[in-house]
>>> print(open('structure_27.pdb').read())   # PDB, C-alpha atoms
ATOM      1  CA  MET Q   1      11.447  50.940  27.069
ATOM      2  CA  ASP Q   2       7.831  51.923  27.643
ATOM      3  CA  THR Q   3       7.276  55.445  28.917
ATOM      4  CA  ARG Q   4       4.653  56.964  31.170
ATOM      5  CA  THR Q   5       3.305  60.461  31.529
ATOM      6  CA  LEU Q   6       4.723  61.491  34.857
ATOM      7  CA  SER Q   7       2.251  64.302  35.200
ATOM      8  CA  ALA Q   8      -0.820  65.541  33.369
ATOM      9  CA  ALA Q   9      -0.047  68.904  34.956
ATOM     10  CA  THR Q  10       3.308  69.248  33.185
ATOM     11  CA  GLY Q  11       3.155  66.669  30.394
ATOM     12  CA  SER Q  12       6.578  65.261  31.254
ATOM     13  CA  ARG Q  13       7.224  61.646  30.244
ATOM     14  CA  VAL Q  14       9.796  59.254  31.655
ATOM     15  CA  SER Q  15      10.661  55.568  31.385
ATOM     16  CA  ALA Q  16       8.214  53.169  33.040
ATOM     17  CA  LEU Q  17      10.915  52.315  35.604
ATOM     18  CA  GLY Q  18      13.340  54.729  37.220
ATOM     19  CA  LEU Q  19      16.663  54.020  38.899
ATOM     20  CA  GLY Q  20      16.936  55.081  42.531
ATOM     21  CA  CYS Q  21      20.618  55.717  43.181
ATOM     22  CA  MET Q  22      20.673  56.249  46.957
ATOM     23  CA  GLY Q  23      22.064  52.832  47.855
ATOM     24  CA  MET Q  24      25.143  53.461  45.734
ATOM     25  CA  SER Q  25      26.282  56.020  48.306
ATOM     26  CA  ALA Q  26      24.427  55.691  51.579
ATOM     27  CA  LEU Q  27      22.326  53.797  54.099
ATOM     28  CA  TYR Q  28      22.866  50.230  52.830
ATOM     29  CA  GLY Q  29      26.523  49.785  53.633
ATOM     30  CA  PRO Q  30      29.500  49.949  51.258
ATOM     31  CA  ALA Q  31      28.893  49.905  47.506
ATOM     32  CA  ASP Q  32      31.364  49.353  44.686
ATOM     33  CA  ARG Q  33      31.934  52.597  42.786
ATOM     34  CA  GLY Q  34      32.806  50.904  39.507
ATOM     35  CA  GLU Q  35      29.804  48.592  39.658
ATOM     36  CA  SER Q  36      27.550  51.503  40.602
ATOM     37  CA  ILE Q  37      28.602  53.490  37.541
ATOM     38  CA  ALA Q  38      28.297  50.385  35.367
ATOM     39  CA  THR Q  39      24.760  49.908  36.702
ATOM     40  CA  ILE Q  40      23.822  53.486  35.842
ATOM     41  CA  HIS Q  41      25.221  52.978  32.344
ATOM     42  CA  ALA Q  42      23.351  49.672  31.976
ATOM     43  CA  ALA Q  43      20.126  51.371  33.016
ATOM     44  CA  LEU Q  44      20.611  54.121  30.453
ATOM     45  CA  ASP Q  45      21.423  51.516  27.787
ATOM     46  CA  ALA Q  46      18.174  49.709  28.634
ATOM     47  CA  GLY Q  47      16.164  52.897  28.154
ATOM     48  CA  VAL Q  48      15.788  53.912  31.791
ATOM     49  CA  ASP Q  49      15.952  57.700  31.607
ATOM     50  CA  LEU Q  50      14.886  58.634  35.161
ATOM     51  CA  LEU Q  51      17.718  58.820  37.714
ATOM     52  CA  ASP Q  52      16.671  59.707  41.249
ATOM     53  CA  THR Q  53      18.980  61.033  43.948
ATOM     54  CA  GLY Q  54      19.202  63.349  46.928
ATOM     55  CA  ASP Q  55      21.874  65.946  47.593
ATOM     56  CA  PHE Q  56      22.312  64.466  51.083
ATOM     57  CA  TYR Q  57      22.894  60.879  49.937
ATOM     58  CA  GLY Q  58      26.421  60.310  51.124
ATOM     59  CA  SER Q  59      26.608  64.076  51.808
ATOM     60  CA  GLY Q  60      26.946  64.835  48.103
ATOM     61  CA  HIS Q  61      28.685  61.599  47.099
ATOM     62  CA  ASN Q  62      25.696  60.331  45.119
ATOM     63  CA  GLU Q  63      25.444  63.452  42.996
ATOM     64  CA  LEU Q  64      29.165  63.317  42.282
ATOM     65  CA  LEU Q  65      28.803  59.649  41.307
ATOM     66  CA  ILE Q  66      25.938  60.366  38.917
ATOM     67  CA  GLY Q  67      27.838  63.334  37.527
ATOM     68  CA  GLU Q  68      30.791  61.064  36.786
ATOM     69  CA  ALA Q  69      28.550  58.499  35.089
ATOM     70  CA  LEU Q  70      26.910  61.172  32.938
ATOM     71  CA  ARG Q  71      30.216  62.712  31.894
ATOM     72  CA  GLU Q  72      31.077  59.398  30.293
ATOM     73  CA  ARG Q  73      27.708  58.987  28.543
ATOM     74  CA  GLY Q  74      26.242  62.474  28.222
ATOM     75  CA  ARG Q  75      23.211  63.979  29.873
ATOM     76  CA  ASP Q  76      20.920  64.223  26.813
ATOM     77  CA  GLY Q  77      17.643  62.431  27.391
ATOM     78  CA  VAL Q  78      18.300  61.827  31.092
ATOM     79  CA  HIS Q  79      15.695  63.025  33.590
ATOM     80  CA  LEU Q  80      17.420  63.966  36.854
ATOM     81  CA  SER Q  81      15.234  63.979  39.959
ATOM     82  CA  VAL Q  82      16.851  65.522  43.047
ATOM     83  CA  LYS Q  83      15.676  65.844  46.636
ATOM     84  CA  PHE Q  84      17.074  68.494  48.962
ATOM     85  CA  GLY Q  85      16.576  69.932  52.428
ATOM     86  CA  ALA Q  86      18.126  67.368  54.775
ATOM     87  CA  VAL Q  87      20.739  68.973  57.010
ATOM     88  CA  ARG Q  88      23.530  66.615  58.103
ATOM     89  CA  ASP Q  89      26.705  66.801  60.131
ATOM     90  CA  ALA Q  90      30.168  65.357  59.421
ATOM     91  CA  ASP Q  91      29.208  62.071  61.093
ATOM     92  CA  GLY Q  92      26.226  61.681  58.771
ATOM     93  CA  ALA Q  93      23.594  62.403  61.412
ATOM     94  CA  PHE Q  94      20.400  64.063  60.205
ATOM     95  CA  LEU Q  95      19.893  67.323  62.088
ATOM     96  CA  ALA Q  96      16.926  69.072  60.490
ATOM     97  CA  ASN Q  97      14.824  69.644  57.374
ATOM     98  CA  ASP Q  98      15.384  73.037  55.769
ATOM     99  CA  GLY Q  99      12.827  74.406  53.316
ATOM    100  CA  ARG Q 100      13.614  78.119  53.618
ATOM    101  CA  PRO Q 101      13.580  79.961  50.270
ATOM    102  CA  GLU Q 102      17.203  81.044  50.616
ATOM    103  CA  SER Q 103      18.200  77.454  51.387
ATOM    104  CA  VAL Q 104      16.408  76.208  48.273
ATOM    105  CA  LYS Q 105      18.647  78.400  46.146
ATOM    106  CA  ASN Q 106      21.765  77.380  48.067
ATOM    107  CA  PHE Q 107      21.079  73.635  47.868
ATOM    108  CA  LEU Q 108      20.327  73.904  44.149
ATOM    109  CA  ALA Q 109      23.521  75.792  43.373
ATOM    110  CA  TYR Q 110      25.636  73.058  44.930
ATOM    111  CA  SER Q 111      23.693  70.260  43.220
ATOM    112  CA  LEU Q 112      24.210  71.785  39.786
ATOM    113  CA  VAL Q 113      27.961  71.841  40.363
ATOM    114  CA  ARG Q 114      28.187  68.309  41.776
ATOM    115  CA  LEU Q 115      26.096  66.876  38.960
ATOM    116  CA  GLY Q 116      27.890  68.949  36.341
ATOM    117  CA  VAL Q 117      24.668  70.134  34.695
ATOM    118  CA  ASP Q 118      22.949  73.445  34.033
ATOM    119  CA  HIS Q 119      19.489  72.321  35.129
ATOM    120  CA  ILE Q 120      17.685  69.669  37.156
ATOM    121  CA  ASP Q 121      14.560  68.117  35.704
ATOM    122  CA  THR Q 122      12.581  67.581  38.913
ATOM    123  CA  TYR Q 123      13.492  69.263  42.183
ATOM    124  CA  ARG Q 124      11.766  68.518  45.474
ATOM    125  CA  LEU Q 125      12.007  69.019  49.233
ATOM    126  CA  ALA Q 126      12.806  65.627  50.785
ATOM    127  CA  ARG Q 127      10.770  66.150  53.954
ATOM    128  CA  LEU Q 128       8.408  68.952  54.885
ATOM    129  CA  ASP Q 129       9.997  71.677  57.001
ATOM    130  CA  PRO Q 130       7.365  72.307  59.713
ATOM    131  CA  SER Q 131       8.733  75.793  60.346
ATOM    132  CA  VAL Q 132       8.301  76.986  56.743
ATOM    133  CA  PRO Q 133       4.941  77.097  54.925
ATOM    134  CA  ILE Q 134       5.042  74.831  51.891
ATOM    135  CA  GLU Q 135       3.906  77.795  49.803
ATOM    136  CA  GLU Q 136       7.204  79.571  50.508
ATOM    137  CA  THR Q 137       9.345  76.559  49.614
ATOM    138  CA  VAL Q 138       7.386  75.889  46.429
ATOM    139  CA  GLY Q 139       7.503  79.564  45.522
ATOM    140  CA  ALA Q 140      11.304  79.528  45.725
ATOM    141  CA  ILE Q 141      11.540  76.464  43.482
ATOM    142  CA  ALA Q 142       9.080  78.094  41.080
ATOM    143  CA  GLU Q 143      11.510  81.005  40.743
ATOM    144  CA  GLU Q 144      14.207  78.524  39.723
ATOM    145  CA  VAL Q 145      11.809  77.059  37.149
ATOM    146  CA  LYS Q 146      11.403  80.540  35.664
ATOM    147  CA  ALA Q 147      15.183  80.947  35.677
ATOM    148  CA  GLY Q 148      15.604  77.673  33.760
ATOM    149  CA  ARG Q 149      17.634  75.916  36.437
ATOM    150  CA  VAL Q 150      14.730  73.573  37.268
ATOM    151  CA  ARG Q 151      12.267  72.064  34.789
ATOM    152  CA  HIS Q 152       9.609  70.535  37.054
ATOM    153  CA  LEU Q 153       8.590  70.880  40.677
ATOM    154  CA  GLY Q 154       8.027  67.763  42.764
ATOM    155  CA  LEU Q 155       7.027  66.845  46.293
ATOM    156  CA  SER Q 156       8.116  64.061  48.633
ATOM    157  CA  GLU Q 157       6.332  62.259  51.489
ATOM    158  CA  VAL Q 158       3.624  64.868  52.056
ATOM    159  CA  GLY Q 159      -0.074  64.465  52.766
ATOM    160  CA  ALA Q 160      -3.142  65.427  50.778
ATOM    161  CA  ASP Q 161      -3.565  68.901  52.290
ATOM    162  CA  THR Q 162       0.066  69.844  51.639
ATOM    163  CA  ILE Q 163      -0.223  68.563  48.062
ATOM    164  CA  ARG Q 164      -3.208  70.814  47.426
ATOM    165  CA  ARG Q 165      -1.535  73.867  48.958
ATOM    166  CA  ALA Q 166       1.645  73.326  46.950
ATOM    167  CA  HIS Q 167      -0.208  72.708  43.680
ATOM    168  CA  ALA Q 168      -2.127  75.969  44.149
ATOM    169  CA  VAL Q 169       1.187  77.857  44.002
ATOM    170  CA  HIS Q 170       2.775  76.027  41.058
ATOM    171  CA  PRO Q 171       1.853  72.890  39.064
ATOM    172  CA  ILE Q 172       3.336  69.827  40.747
ATOM    173  CA  SER Q 173       4.839  67.213  38.464
ATOM    174  CA  ASP Q 174       4.925  64.239  40.800
ATOM    175  CA  LEU Q 175       4.874  63.098  44.380
ATOM    176  CA  GLN Q 176       7.644  60.777  45.490
ATOM    177  CA  ILE Q 177       6.441  58.429  48.192
ATOM    178  CA  GLU Q 178       6.934  54.883  49.425
ATOM    179  CA  TYR Q 179       4.512  52.451  47.801
ATOM    180  CA  SER Q 180       4.779  48.673  47.769
ATOM    181  CA  LEU Q 181       2.795  45.569  48.571
ATOM    182  CA  ILE Q 182       3.550  46.129  52.263
ATOM    183  CA  SER Q 183       3.360  49.947  52.264
ATOM    184  CA  ARG Q 184      -0.062  50.902  50.946
ATOM    185  CA  GLY Q 185      -1.057  53.882  53.065
ATOM    186  CA  VAL Q 186      -0.900  56.093  49.980
ATOM    187  CA  GLU Q 187      -4.076  54.475  48.678
ATOM    188  CA  ALA Q 188      -6.413  56.022  51.271
ATOM    189  CA  GLU Q 189      -6.191  59.781  50.654
ATOM    190  CA  ILE Q 190      -2.935  60.646  48.927
ATOM    191  CA  LEU Q 191      -3.305  58.721  45.672
ATOM    192  CA  PRO Q 192      -6.895  59.921  45.102
ATOM    193  CA  THR Q 193      -5.639  63.492  45.607
ATOM    194  CA  THR Q 194      -2.757  63.203  43.149
ATOM    195  CA  ARG Q 195      -5.109  61.691  40.570
ATOM    196  CA  GLU Q 196      -7.684  64.419  41.061
ATOM    197  CA  LEU Q 197      -4.989  67.046  40.430
ATOM    198  CA  GLY Q 198      -3.226  65.202  37.588
ATOM    199  CA  ILE Q 199      -0.029  64.678  39.588
ATOM    200  CA  GLY Q 200       2.079  61.565  38.980
ATOM    201  CA  VAL Q 201       3.704  59.335  41.573
ATOM    202  CA  THR Q 202       7.284  58.103  41.635
ATOM    203  CA  ALA Q 203       7.140  55.147  44.005
ATOM    204  CA  TYR Q 204      10.227  54.294  46.021
ATOM    205  CA  GLY Q 205      10.727  51.323  48.323
ATOM    206  CA  VAL Q 206       8.867  49.038  45.911
ATOM    207  CA  LEU Q 207      10.856  46.102  47.319
ATOM    208  CA  SER Q 208      10.780  47.576  50.828
ATOM    209  CA  ARG Q 209      14.560  47.997  50.887
ATOM    210  CA  GLY Q 210      15.134  44.414  49.827
ATOM    211  CA  LEU Q 211      12.772  42.894  52.394
ATOM    212  CA  ILE Q 212      10.310  41.636  49.772
ATOM    213  CA  SER Q 213      12.875  41.067  47.034
ATOM    214  CA  GLY Q 214      12.988  37.336  47.631
ATOM    215  CA  HIS Q 215      16.711  37.578  48.357
ATOM    216  CA  TRP Q 216      16.565  38.619  52.015
ATOM    217  CA  GLN Q 217      17.029  35.919  54.656
ATOM    218  CA  ARG Q 218      16.844  35.824  58.437
ATOM    219  CA  SER Q 219      20.605  35.261  58.452
ATOM    220  CA  THR Q 220      21.480  38.130  56.111
ATOM    221  CA  ALA Q 221      24.343  40.089  57.680
ATOM    222  CA  LEU Q 222      24.136  43.872  57.809
ATOM    223  CA  ALA Q 223      27.148  46.115  57.325
ATOM    224  CA  ALA Q 224      27.906  48.790  59.904
ATOM    225  CA  GLY Q 225      25.673  51.795  59.364
ATOM    226  CA  ASP Q 226      23.103  49.916  57.271
ATOM    227  CA  PHE Q 227      19.781  51.705  57.759
ATOM    228  CA  ARG Q 228      17.926  48.403  57.895
ATOM    229  CA  GLY Q 229      19.548  47.604  61.212
ATOM    230  CA  MET Q 230      17.242  50.233  62.744
ATOM    231  CA  SER Q 231      14.189  49.582  60.592
ATOM    232  CA  PRO Q 232      11.275  48.096  62.565
ATOM    233  CA  ARG Q 233      10.325  45.753  59.729
ATOM    234  CA  PHE Q 234      13.743  44.092  59.897
ATOM    235  CA  GLN Q 235      13.650  43.525  63.662
ATOM    236  CA  GLY Q 236      12.961  40.359  65.686
ATOM    237  CA  ASP Q 237       9.482  38.890  65.343
ATOM    238  CA  ASN Q 238       8.576  41.552  62.786
ATOM    239  CA  LEU Q 239      11.195  40.185  60.427
ATOM    240  CA  ASP Q 240       9.982  36.596  60.872
ATOM    241  CA  HIS Q 241       6.407  37.670  60.161
ATOM    242  CA  ASN Q 242       7.372  39.694  57.106
ATOM    243  CA  LEU Q 243       9.563  36.964  55.650
ATOM    244  CA  ALA Q 244       6.607  34.586  55.984
ATOM    245  CA  LEU Q 245       4.662  36.998  53.753
ATOM    246  CA  VAL Q 246       7.517  36.873  51.257
ATOM    247  CA  GLU Q 247       7.377  33.078  51.175
ATOM    248  CA  ALA Q 248       3.649  33.224  50.452
ATOM    249  CA  LEU Q 249       4.405  35.672  47.644
ATOM    250  CA  ARG Q 250       7.173  33.393  46.386
ATOM    251  CA  ALA Q 251       4.638  30.636  45.786
ATOM    252  CA  VAL Q 252       2.597  32.999  43.601
ATOM    253  CA  ALA Q 253       5.695  34.153  41.731
ATOM    254  CA  GLU Q 254       6.933  30.618  41.077
ATOM    255  CA  ALA Q 255       3.528  29.602  39.740
ATOM    256  CA  LYS Q 256       3.801  32.559  37.377
ATOM    257  CA  GLY Q 257       7.372  31.664  36.394
ATOM    258  CA  VAL Q 258       8.879  34.923  37.638
ATOM    259  CA  SER Q 259      10.969  36.018  40.612
ATOM    260  CA  VAL Q 260       9.587  37.480  43.829
ATOM    261  CA  ALA Q 261      11.136  40.858  43.023
ATOM    262  CA  GLN Q 262       9.608  40.867  39.555
ATOM    263  CA  ILE Q 263       6.085  40.147  40.767
ATOM    264  CA  ALA Q 264       6.399  42.778  43.511
ATOM    265  CA  ILE Q 265       7.562  45.423  41.024
ATOM    266  CA  ALA Q 266       4.947  44.362  38.477
ATOM    267  CA  TRP Q 267       2.264  44.831  41.135
ATOM    268  CA  VAL Q 268       3.305  48.468  41.605
ATOM    269  CA  LEU Q 269       3.521  48.978  37.830
ATOM    270  CA  GLY Q 270      -0.029  47.690  37.566
ATOM    271  CA  ARG Q 271      -1.466  50.154  40.071
ATOM    272  CA  GLY Q 272      -1.800  52.798  37.358
ATOM    273  CA  ASP Q 273      -0.065  54.417  34.415
ATOM    274  CA  ASP Q 274       0.498  57.495  36.579
ATOM    275  CA  ILE Q 275       2.876  55.510  38.827
ATOM    276  CA  VAL Q 276       6.573  55.065  38.022
ATOM    277  CA  PRO Q 277       8.410  52.626  40.324
ATOM    278  CA  LEU Q 278      11.972  53.466  41.317
ATOM    279  CA  VAL Q 279      14.177  50.400  41.643
ATOM    280  CA  GLY Q 280      17.185  50.751  43.931
ATOM    281  CA  ALA Q 281      19.518  48.389  42.113
ATOM    282  CA  ARG Q 282      23.196  48.785  43.005
ATOM    283  CA  ARG Q 283      24.368  45.983  40.719
ATOM    284  CA  ARG Q 284      23.743  45.094  37.105
ATOM    285  CA  ASP Q 285      22.292  41.676  37.909
ATOM    286  CA  ARG Q 286      19.715  43.187  40.247
ATOM    287  CA  LEU Q 287      18.888  45.819  37.627
ATOM    288  CA  GLN Q 288      18.387  43.129  35.001
ATOM    289  CA  GLU Q 289      16.033  41.253  37.304
ATOM    290  CA  ALA Q 290      14.034  44.416  37.953
ATOM    291  CA  LEU Q 291      13.761  45.198  34.243
ATOM    292  CA  GLY Q 292      12.175  41.782  33.788
ATOM    293  CA  ALA Q 293       9.139  43.070  35.683
ATOM    294  CA  LEU Q 294       8.233  45.127  32.612
ATOM    295  CA  ASP Q 295       7.396  41.881  30.815
ATOM    296  CA  VAL Q 296       5.122  40.574  33.582
ATOM    297  CA  THR Q 297       1.385  40.930  33.023
ATOM    298  CA  LEU Q 298      -0.767  40.228  36.044
ATOM    299  CA  SER Q 299      -4.219  38.763  35.451
ATOM    300  CA  SER Q 300      -7.149  39.219  37.806
ATOM    301  CA  ASP Q 301      -6.411  35.739  39.170
ATOM    302  CA  ASP Q 302      -2.779  36.714  39.741
ATOM    303  CA  LEU Q 303      -3.816  39.868  41.575
ATOM    304  CA  ALA Q 304      -6.221  37.918  43.761
ATOM    305  CA  ALA Q 305      -3.483  35.418  44.613
ATOM    306  CA  ILE Q 306      -1.090  38.237  45.475
ATOM    307  CA  GLU Q 307      -3.725  39.842  47.699
ATOM    308  CA  ARG Q 308      -4.237  36.577  49.542
ATOM    309  CA  ALA Q 309      -0.486  36.171  50.017
ATOM    310  CA  VAL Q 310       0.134  39.746  51.141
ATOM    311  CA  PRO Q 311      -3.101  41.454  52.208
ATOM    312  CA  ALA Q 312      -3.161  45.214  52.674
ATOM    313  CA  GLY Q 313      -1.837  46.095  56.119
ATOM    314  CA  ALA Q 314      -0.260  42.674  56.625
ATOM    315  CA  ALA Q 315       3.284  43.915  57.328
ATOM    316  CA  ALA Q 316       4.616  43.918  60.878
ATOM    317  CA  GLY Q 317       6.356  47.121  61.987
ATOM    318  CA  GLU Q 318       6.328  50.682  60.730
ATOM    319  CA  ARG Q 319       8.302  51.573  57.626
ATOM    320  CA  TYR Q 320      10.632  53.854  59.622
ATOM    321  CA  ALA Q 321      11.695  54.130  63.245
ATOM    322  CA  ALA Q 322       9.492  56.399  65.361
ATOM    323  CA  ALA Q 323      11.823  59.411  65.176
ATOM    324  CA  GLN Q 324      11.807  59.298  61.376
ATOM    325  CA  MET Q 325       8.070  58.642  61.133
ATOM    326  CA  ALA Q 326       7.546  61.909  62.996
ATOM    327  CA  HIS Q 327       9.062  63.792  60.033
ATOM    328  CA  LEU Q 328       6.601  62.319  57.512
ATOM    329  CA  ASP Q 329       3.784  64.713  56.677
ATOM    330  CA  SER Q 330       2.339  61.839  54.644
ATOM    331  CA  GLU Q 331       1.675  59.879  57.844
ATOM    332  CA  LYS Q 332      -0.198  62.626  59.687
TER     333      LYS Q 332
END
>>> encode(input="structure_27.pdb", output="structure tokens")
Amino acid sequence: MDTRTLSAATGSRVSALGLGCMGMSALYGPADRGESIATIHAALDAGVDLLDTGDFYGSGHNELLIGEALRERGRDGVHLSVKFGAVRDADGAFLANDGRPESVKNFLAYSLVRLGVDHIDTYRLARLDPSVPIEETVGAIAEEVKAGRVRHLGLSEVGADTIRRAHAVHPISDLQIEYSLISRGVEAEILPTTRELGIGVTAYGVLSRGLISGHWQRSTALAAGDFRGMSPRFQGDNLDHNLALVEALRAVAEAKGVSVAQIAIAWVLGRGDDIVPLVGARRRDRLQEALGALDVTLSSDDLAAIERAVPAGAAAGERYAAAQMAHLDSEK
């Protein structure tokens, strides 16, 4: 497995692909526990050492799942990336984002127990808390770095100004943010800022939650509670438009002899060695397909064909519903 320097600021290196574990516990409908653990094990066997989660995924379920998988294989060499701060109720509703210093310490304490580890490699606030200056949240995580319970400090879905303010308090390892062929807003101001400061990017949503995987169809049935049922890009005419983009991309992929998912992931991999895509595979076959992207080299002609198939800004619909978009500092 090739590795990439996640951050010039911290020198941390991780596998060129990371495994996003959210879908094994939340937001995409039921997942098979045994297959989820087998997928984590298969990723580790393949050399994927970056596992990404959030303490609110399944209200702690995802951390417990990863903890179980690591007990069977050991934690050595595994880079755990954890998001915190989302406040939920017993029905799973999201109530607030909490970045208070005392909450940082509380969230971390519970994550360490659920994961069964003595430290977390990268710790980050999932969404900016508008009532708490980012300097205070980062300062609290920095104290945990000094205490040895956190190795690196990350950010998630924040804009250029917030990145600069946070980095002035403590070196930031990486920014986690959505980046794909149909979500390219990061390229305007955010990516130039991270590169100026030597901060890496862990890119989630590289297949836009399955929309540009090549497997999604107009007739695909959604399970109760599946987040995509409320996602604008999966609705009505937006979905038809976006699936037409996928078919144009499919023609490019087939000419290259690869799958749609592989060419989409390879495109993100090719955006820079400071970018590590997170693939949200819940099954071993999907993981294997994603790993195949590491063997795809895109020529200038390939890139031009991809750009013609899916031009920047071509997607129909926002990446989140309006209420969720309002919580994204990265979109302001």
>>> closest_residue(input="structure_27.pdb", among="Q:Ser81, Q:Ser59, Q:Ser111, Q:Ser180", to="Ala312 of chain Q", atoms="only C-alpha atoms")
Q:Ser180
>>> closest_residue(input="structure_27.pdb", among="Q:Ile190, Q:Ile182, Q:Ala9, Q:Val276", to="Ser330 of chain Q", atoms="all atoms listed in the file")
Q:Ile190
>>> residues_around(input="structure_27.pdb", residues="Gln217 of chain Q", least_positions_apart="3", cutoff="10 Å", atoms="only C-alpha atoms", output="compact mmCIF listing (two decimals) with C-alpha atoms, in the frame of the given file")
# COMPACT_ATOMS: atom_id res chain seq x y z
CA GLY Q 210 15.13 44.41 49.83
CA LEU Q 211 12.77 42.89 52.39
CA GLY Q 214 12.99 37.34 47.63
CA THR Q 220 21.48 38.13 56.11
CA ALA Q 221 24.34 40.09 57.68
CA LEU Q 239 11.20 40.18 60.43
CA ASP Q 240 9.98 36.60 60.87
CA LEU Q 243 9.56 36.96 55.65
>>> resolve_selection(input="structure_27.pdb", expression="the PyMOL selection byres ((chain Q and resi 323) around 12)", output="ChimeraX atom specification")
/Q:94-96,230-232,318-322,324-328
>>> residues_around(input="structure_27.pdb", residues="Lys332 of chain Q", least_positions_apart="5", cutoff="12 Å", atoms="only C-alpha atoms", output="PyMOL selection string")
chain Q and resi 128+157-162+185-186+189-190+325-327
>>> residues_around(input="structure_27.pdb", residues="segment 285-291 of chain Q", least_positions_apart="2", cutoff="7 Å", atoms="all atoms listed in the file", output="ChimeraX atom specification")
/Q:261-262,281,283,293-294
>>> write_last_selection(input="structure_27.pdb", atoms="C-alpha atoms", output="short mmCIF file (atom, residue, chain, number, x, y, z; two decimals), keeping the file's coordinate frame")
data_model
loop_
_atom_site.label_atom_id
_atom_site.label_comp_id
_atom_site.auth_asym_id
_atom_site.auth_seq_id
_atom_site.Cartn_x
_atom_site.Cartn_y
_atom_site.Cartn_z
CA ALA Q 261 11.14 40.86 43.02
CA GLN Q 262 9.61 40.87 39.56
CA ALA Q 281 19.52 48.39 42.11
CA ARG Q 283 24.37 45.98 40.72
CA ALA Q 293 9.14 43.07 35.68
CA LEU Q 294 8.23 45.13 32.61
#
>>> decode(input="structure_27.pdb", residues="segment 14-25 of chain Q", atoms="N, CA, C and O atoms", output="mmCIF file, in the first residue's frame")
data_model
loop_
_atom_site.group_PDB
_atom_site.id
_atom_site.type_symbol
_atom_site.label_atom_id
_atom_site.label_comp_id
_atom_site.auth_asym_id
_atom_site.auth_seq_id
_atom_site.Cartn_x
_atom_site.Cartn_y
_atom_site.Cartn_z
ATOM 1 N N VAL Q 14 -0.072 8.189 6.298
ATOM 2 C CA VAL Q 14 -1.125 7.175 6.336
ATOM 3 C C VAL Q 14 -1.212 6.529 4.960
ATOM 4 O O VAL Q 14 -0.613 6.994 3.989
ATOM 5 N N SER Q 15 -1.981 5.450 4.868
ATOM 6 C CA SER Q 15 -2.204 4.790 3.587
ATOM 7 C C SER Q 15 -2.872 5.746 2.606
ATOM 8 O O SER Q 15 -3.582 6.672 2.996
ATOM 9 N N ALA Q 16 -2.635 5.515 1.310
ATOM 10 C CA ALA Q 16 -3.159 6.405 0.277
ATOM 11 C C ALA Q 16 -4.681 6.413 0.216
ATOM 12 O O ALA Q 16 -5.280 7.357 -0.292
ATOM 13 N N LEU Q 17 -5.318 5.373 0.722
ATOM 14 C CA LEU Q 17 -6.773 5.325 0.889
ATOM 15 C C LEU Q 17 -7.082 5.057 2.349
ATOM 16 O O LEU Q 17 -6.380 4.285 3.007
ATOM 17 N N GLY Q 18 -8.137 5.688 2.848
ATOM 18 C CA GLY Q 18 -8.623 5.393 4.189
ATOM 19 C C GLY Q 18 -9.992 4.742 4.104
ATOM 20 O O GLY Q 18 -10.669 4.825 3.071
ATOM 21 N N LEU Q 19 -10.392 4.096 5.180
ATOM 22 C CA LEU Q 19 -11.711 3.466 5.243
ATOM 23 C C LEU Q 19 -12.623 4.302 6.122
ATOM 24 O O LEU Q 19 -12.387 4.457 7.327
ATOM 25 N N GLY Q 20 -13.677 4.863 5.523
ATOM 26 C CA GLY Q 20 -14.694 5.567 6.283
ATOM 27 C C GLY Q 20 -15.727 4.572 6.778
ATOM 28 O O GLY Q 20 -16.347 3.868 5.977
ATOM 29 N N CYS Q 21 -15.904 4.516 8.085
ATOM 30 C CA CYS Q 21 -16.714 3.436 8.683
ATOM 31 C C CYS Q 21 -18.144 3.826 9.022
ATOM 32 O O CYS Q 21 -18.910 2.998 9.514
ATOM 33 N N MET Q 22 -18.546 5.058 8.752
ATOM 34 C CA MET Q 22 -19.857 5.543 9.157
ATOM 35 C C MET Q 22 -21.002 4.630 8.726
ATOM 36 O O MET Q 22 -21.889 4.295 9.510
ATOM 37 N N GLY Q 23 -20.994 4.232 7.444
ATOM 38 C CA GLY Q 23 -22.105 3.477 6.900
ATOM 39 C C GLY Q 23 -22.313 2.120 7.544
ATOM 40 O O GLY Q 23 -23.365 1.505 7.359
ATOM 41 N N MET Q 24 -21.321 1.659 8.306
ATOM 42 C CA MET Q 24 -21.474 0.384 9.002
ATOM 43 C C MET Q 24 -22.398 0.504 10.212
ATOM 44 O O MET Q 24 -22.794 -0.511 10.793
ATOM 45 N N SER Q 25 -22.727 1.748 10.579
ATOM 46 C CA SER Q 25 -23.546 1.957 11.777
ATOM 47 C C SER Q 25 -24.698 2.923 11.592
ATOM 48 O O SER Q 25 -25.623 2.914 12.408
#
